[in-house]
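Engineer: input27.cif (mmCIF, C-alpha atoms; chains and numbers go by the auth columns) pasted underneath:
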```cif
data_query
#
loop_
_atom_site.group_PDB
_atom_site.id
_atom_site.type_symbol
_atom_site.label_atom_id
_atom_site.label_comp_id
_atom_site.label_asym_id
_atom_site.label_seq_id
_atom_site.Cartn_x
_atom_site.Cartn_y
_atom_site.Cartn_z
_atom_site.B_iso_or_equiv
_atom_site.auth_seq_id
_atom_site.auth_asym_id
ATOM 1 C CA MET A 1 1.647 -11.781 -11.385 0.00 1191 K
ATOM 2 C CA ALA A 2 -1.854 -12.257 -9.940 0.00 1192 K
ATOM 3 C CA ALA A 3 -2.243 -11.818 -6.196 0.00 1193 K
ATOM 4 C CA GLU A 4 -3.426 -15.398 -5.672 0.00 1194 K
ATOM 5 C CA PHE A 5 -0.068 -16.674 -6.950 0.00 1195 K
ATOM 6 C CA VAL A 6 2.049 -14.486 -4.659 0.00 1196 K
ATOM 7 C CA ARG A 7 3.713 -16.582 -1.961 0.00 1197 K
ATOM 8 C CA GLY A 8 6.448 -16.294 0.632 0.00 1198 K
ATOM 9 C CA VAL A 9 9.944 -17.038 -0.614 0.00 1199 K
ATOM 10 C CA ASP A 10 12.374 -16.000 2.148 0.00 1200 K
ATOM 11 C CA VAL A 11 12.624 -14.315 5.538 0.00 1201 K
ATOM 12 C CA ARG A 12 14.799 -11.200 5.321 0.00 1202 K
ATOM 13 C CA GLY A 13 15.405 -7.789 6.782 0.00 1203 K
ATOM 14 C CA THR A 14 16.325 -6.386 10.119 0.00 1204 K
ATOM 15 C CA GLU A 15 14.996 -7.687 13.405 0.00 1205 K
ATOM 16 C CA PRO A 16 12.204 -8.543 13.466 0.00 1206 K
ATOM 17 C CA LYS A 17 12.432 -10.091 10.061 0.00 1207 K
ATOM 18 C CA GLN A 18 10.015 -9.600 7.185 0.00 1208 K
ATOM 19 C CA LEU A 19 8.729 -12.239 4.809 0.00 1209 K
ATOM 20 C CA GLU A 20 9.767 -11.559 1.222 0.00 1210 K
ATOM 21 C CA LEU A 21 7.018 -12.473 -1.225 0.00 1211 K
ATOM 22 C CA SER A 22 7.471 -13.804 -4.746 0.00 1212 K
ATOM 23 C CA ASP A 23 6.498 -10.452 -6.306 0.00 1213 K
ATOM 24 C CA GLY A 24 9.218 -8.581 -4.377 0.00 1214 K
ATOM 25 C CA SER A 25 6.862 -7.119 -1.773 0.00 1215 K
ATOM 26 C CA ARG A 26 7.271 -7.915 1.908 0.00 1216 K
ATOM 27 C CA LEU A 27 4.894 -9.050 4.594 0.00 1217 K
ATOM 28 C CA ALA A 28 5.542 -7.478 7.990 0.00 1218 K
ATOM 29 C CA LEU A 29 3.846 -7.279 11.346 0.00 1219 K
ATOM 30 C CA GLU A 30 3.745 -3.549 12.044 0.00 1220 K
ATOM 31 C CA THR A 31 4.202 -3.326 15.795 0.00 1221 K
ATOM 32 C CA GLU A 32 4.227 0.447 16.206 0.00 1222 K
ATOM 33 C CA PRO A 33 0.527 1.364 16.384 0.00 1223 K
ATOM 34 C CA VAL A 34 1.298 5.091 16.410 0.00 1224 K
ATOM 35 C CA GLN A 35 0.458 5.533 12.726 0.00 1225 K
ATOM 36 C CA HIS A 36 -2.329 2.996 12.357 0.00 1226 K
ATOM 37 C CA GLY A 37 -3.791 2.739 15.856 0.00 1227 K
ATOM 38 C CA ARG A 38 -3.093 -0.982 16.241 0.00 1228 K
ATOM 39 C CA VAL A 39 -0.631 -3.771 15.600 0.00 1229 K
ATOM 40 C CA GLU A 40 -1.369 -5.293 12.197 0.00 1230 K
ATOM 41 C CA TRP A 41 0.027 -7.285 9.309 0.00 1231 K
ATOM 42 C CA ARG A 42 0.792 -5.110 6.278 0.00 1232 K
ATOM 43 C CA ARG A 43 2.161 -5.766 2.823 0.00 1233 K
ATOM 44 C CA ASN A 44 4.983 -3.390 1.916 0.00 1234 K
ATOM 45 C CA ASP A 45 6.687 -2.720 -1.372 0.00 1235 K
ATOM 46 C CA GLY A 46 10.386 -3.534 -1.630 0.00 1236 K
ATOM 47 C CA ASP A 47 11.330 -0.144 -0.132 0.00 1237 K
ATOM 48 C CA GLY A 48 9.239 -0.686 3.005 0.00 1238 K
ATOM 49 C CA GLU A 49 6.447 1.675 1.970 0.00 1239 K
ATOM 50 C CA ALA A 50 2.952 0.573 2.962 0.00 1240 K
ATOM 51 C CA ASP A 51 0.940 -0.782 0.062 0.00 1241 K
ATOM 52 C CA GLY A 52 -2.810 -0.774 0.550 0.00 1242 K
ATOM 53 C CA SER A 53 -4.889 -1.716 3.541 0.00 1243 K
ATOM 54 C CA PRO A 54 -3.907 -3.745 6.562 0.00 1244 K
ATOM 55 C CA LEU A 55 -4.237 -7.495 6.214 0.00 1245 K
ATOM 56 C CA THR A 56 -6.171 -9.876 8.411 0.00 1246 K
ATOM 57 C CA LEU A 57 -4.197 -12.700 9.950 0.00 1247 K
ATOM 58 C CA ASP A 58 -5.913 -15.113 7.547 0.00 1248 K
ATOM 59 C CA GLU A 59 -4.830 -12.983 4.574 0.00 1249 K
ATOM 60 C CA ALA A 60 -1.247 -12.827 5.865 0.00 1250 K
ATOM 61 C CA ILE A 61 -1.151 -16.607 6.305 0.00 1251 K
ATOM 62 C CA ASP A 62 -2.584 -17.098 2.815 0.00 1252 K
ATOM 63 C CA LEU A 63 0.002 -14.760 1.272 0.00 1253 K
ATOM 64 C CA ALA A 64 2.792 -16.535 3.133 0.00 1254 K
ATOM 65 C CA GLY A 65 1.826 -19.837 1.544 0.00 1255 K
ATOM 66 C CA ASN A 66 2.323 -23.311 2.952 0.00 1256 K
ATOM 67 C CA ASP A 67 6.081 -22.945 3.346 0.00 1257 K
ATOM 68 C CA PHE A 68 5.891 -19.789 5.495 0.00 1258 K
ATOM 69 C CA ALA A 69 2.459 -19.915 7.167 0.00 1259 K
ATOM 70 C CA SER A 70 4.120 -21.080 10.374 0.00 1260 K
ATOM 71 C CA TYR A 71 6.385 -17.999 10.286 0.00 1261 K
ATOM 72 C CA VAL A 72 3.309 -15.738 10.326 0.00 1262 K
ATOM 73 C CA ALA A 73 1.757 -17.726 13.181 0.00 1263 K
ATOM 74 C CA VAL A 74 4.941 -17.760 15.278 0.00 1264 K
ATOM 75 C CA ARG A 75 5.637 -14.063 14.658 0.00 1265 K
ATOM 76 C CA THR A 76 2.063 -13.175 15.651 0.00 1266 K
ATOM 77 C CA ARG A 77 2.214 -15.331 18.785 0.00 1267 K
ATOM 78 C CA ALA A 78 5.577 -13.866 19.807 0.00 1268 K
ATOM 79 C CA GLU A 79 4.293 -10.293 19.451 0.00 1269 K
ATOM 80 C CA ALA A 80 1.185 -11.075 21.489 0.00 1270 K
ATOM 81 C CA GLU A 81 3.312 -12.572 24.273 0.00 1271 K
ATOM 82 C CA TRP A 82 5.719 -9.606 24.204 0.00 1272 K
ATOM 83 C CA MET A 83 2.768 -7.228 24.546 0.00 1273 K
ATOM 84 C CA ARG A 84 1.495 -9.204 27.559 0.00 1274 K
ATOM 85 C CA VAL A 85 4.904 -9.007 29.267 0.00 1275 K
ATOM 86 C CA VAL A 86 5.166 -5.283 28.649 0.00 1276 K
ATOM 87 C CA SER A 87 1.631 -4.683 29.914 0.00 1277 K
ATOM 88 C CA GLU A 88 2.432 -6.593 33.127 0.00 1278 K
ATOM 89 C CA TRP A 89 5.498 -4.407 33.673 0.00 1279 K
ATOM 90 C CA TYR A 90 3.425 -1.245 33.168 0.00 1280 K
ATOM 91 C CA ARG A 91 0.796 -2.539 35.614 0.00 1281 K
ATOM 92 C CA GLU A 92 3.494 -3.180 38.227 0.00 1282 K
ATOM 93 C CA GLN A 93 4.897 0.325 37.704 0.00 1283 K
ATOM 94 C CA ALA A 94 1.415 1.872 37.973 0.00 1284 K
ATOM 95 C CA ASP A 95 0.715 -0.058 41.196 0.00 1285 K
ATOM 96 C CA ALA A 96 4.034 1.106 42.686 0.00 1286 K
ATOM 97 C CA LEU A 97 3.284 4.736 41.809 0.00 1287 K
ATOM 98 C CA ALA A 98 -0.238 4.512 43.238 0.00 1288 K
ATOM 99 C CA HIS A 99 1.134 2.966 46.449 0.00 1289 K
ATOM 100 C CA GLU A 100 3.745 5.728 46.712 0.00 1290 K
ATOM 101 C CA LEU A 101 1.083 8.401 46.150 0.00 1291 K
ATOM 102 C CA ALA A 102 -1.202 6.891 48.771 0.00 1292 K
ATOM 103 C CA GLY A 103 1.682 6.992 51.273 0.00 1293 K
ATOM 104 C CA ALA A 104 2.453 10.626 50.436 0.00 1294 K
ATOM 105 C CA GLU A 105 -1.198 11.640 50.796 0.00 1295 K
ATOM 106 C CA ALA A 106 -1.441 9.846 54.160 0.00 1296 K
ATOM 107 C CA ARG A 107 1.510 11.852 55.477 0.00 1297 K
ATOM 108 C CA SER A 108 0.009 15.190 54.362 0.00 1298 K
#
```
Translate the structure of the given file into structure tokens.

Structural biologist:
Amino acid sequence: MAAEFVRGVDVRGTEPKQLELSDGSRLALETEPVQHGRVEWRRNDGDGEADGSPLTLDEAIDLAGNDFASYVAVRTRAEAEWMRVVSEWYREQADALAHELAGAEARS
């Protein structure tokens, strides 16, 4: 099956879900940047193994097709918001530690 005819057919998998494509591969937003250095859309084979290069958001939306393009957009938006919330928490923790350190240094 040619790549231009591959389209999303169903959302499956564990949380967060992956989009199953018509050729049996899956489209997933890889949110653990440890291996790749950033959060990115990737196309995986049926066993979850990475297949090829990361995808742009436009490529992921195109692969999803009209029926599942909104899934890609919503999943991307949700991850971006989650990352903002987590970064705010880390900033608050860093500020608290810096304040505590400043107090300890003042007493020394």

Engineer: Which residues come within 9 Å of region 1196-1198 of chain K, counting all atoms listed in the file, excluding same-chain residues fewer than 4 positions away, as a list in words?

Structural biologist: Met1191, Ala1192, Leu1209, Glu1210, Leu1211, Ser1212, Asp1213, Arg1216, Leu1217, Asp1252, Leu1253, Ala1254, Gly1255, Asn1256, Asp1257, Phe1258 and Ala1259 of chain K

Engineer: Please, what distance in Å, to one decimal, runs between CA of Ala1263 (chain K) and CA of Glu1220 (chain K)?

Structural biologist: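 Spanning CA of Ala1263 (chain K) to CA of Glu1220 (chain K) is a straight-line distance of 14.4 Å.
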
Engineer: On this structure, the PyMOL selection byres ((chain K and resi 1207) around 10) would catch which residues? List them as a PyMOL selection string, sorted by chain and number.

Structural biologist: chain K and resi 1200-1206+1208-1210+1216-1219+1261+1265

Engineer: Keeping only C-alpha atoms, write those residues as a compact mmCIF listing (two decimals), keeping the file's coordinate frame.

Structural biologist:
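What landed in part.txt:
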```txt
# COMPACT_ATOMS: atom_id res chain seq x y z
CA ASP K 1200 12.37 -16.00 2.15
CA VAL K 1201 12.62 -14.32 5.54
CA ARG K 1202 14.80 -11.20 5.32
CA GLY K 1203 15.40 -7.79 6.78
CA THR K 1204 16.32 -6.39 10.12
CA GLU K 1205 15.00 -7.69 13.40
CA PRO K 1206 12.20 -8.54 13.47
CA GLN K 1208 10.02 -9.60 7.18
CA LEU K 1209 8.73 -12.24 4.81
CA GLU K 1210 9.77 -11.56 1.22
CA ARG K 1216 7.27 -7.92 1.91
CA LEU K 1217 4.89 -9.05 4.59
CA ALA K 1218 5.54 -7.48 7.99
CA LEU K 1219 3.85 -7.28 11.35
CA TYR K 1261 6.38 -18.00 10.29
CA ARG K 1265 5.64 -14.06 14.66
```

Engineer: Around all the atoms of region 1255-1268 of chain K listed in the file, draw an axis-aligned box and extend it by 4 Å on each of the six sides; I want its centre and edge lengths in Å to one decimal, as lines of an AutoDock Vina configuration file.

Structural biologist:
```
center_x = 4.1
center_y = -18.2
center_z = 10.7
size_x = 12.6
size_y = 18.1
size_z = 26.3
```

Engineer: Work out how far apart CA of Gly1214 (chain K) and CA of Val1199 (chain K) are and give it in Å to one decimal.

Structural biologist: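 Calculated distance between CA of Gly1214 (chain K) and CA of Val1199 (chain K) is 9.3 Å.
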
Engineer: Could you tell me how far CA of Ala1268 (chain K) lies from CA of Thr1246 (chain K), in Å and to one decimal?

Structural biologist: 16.8 Å
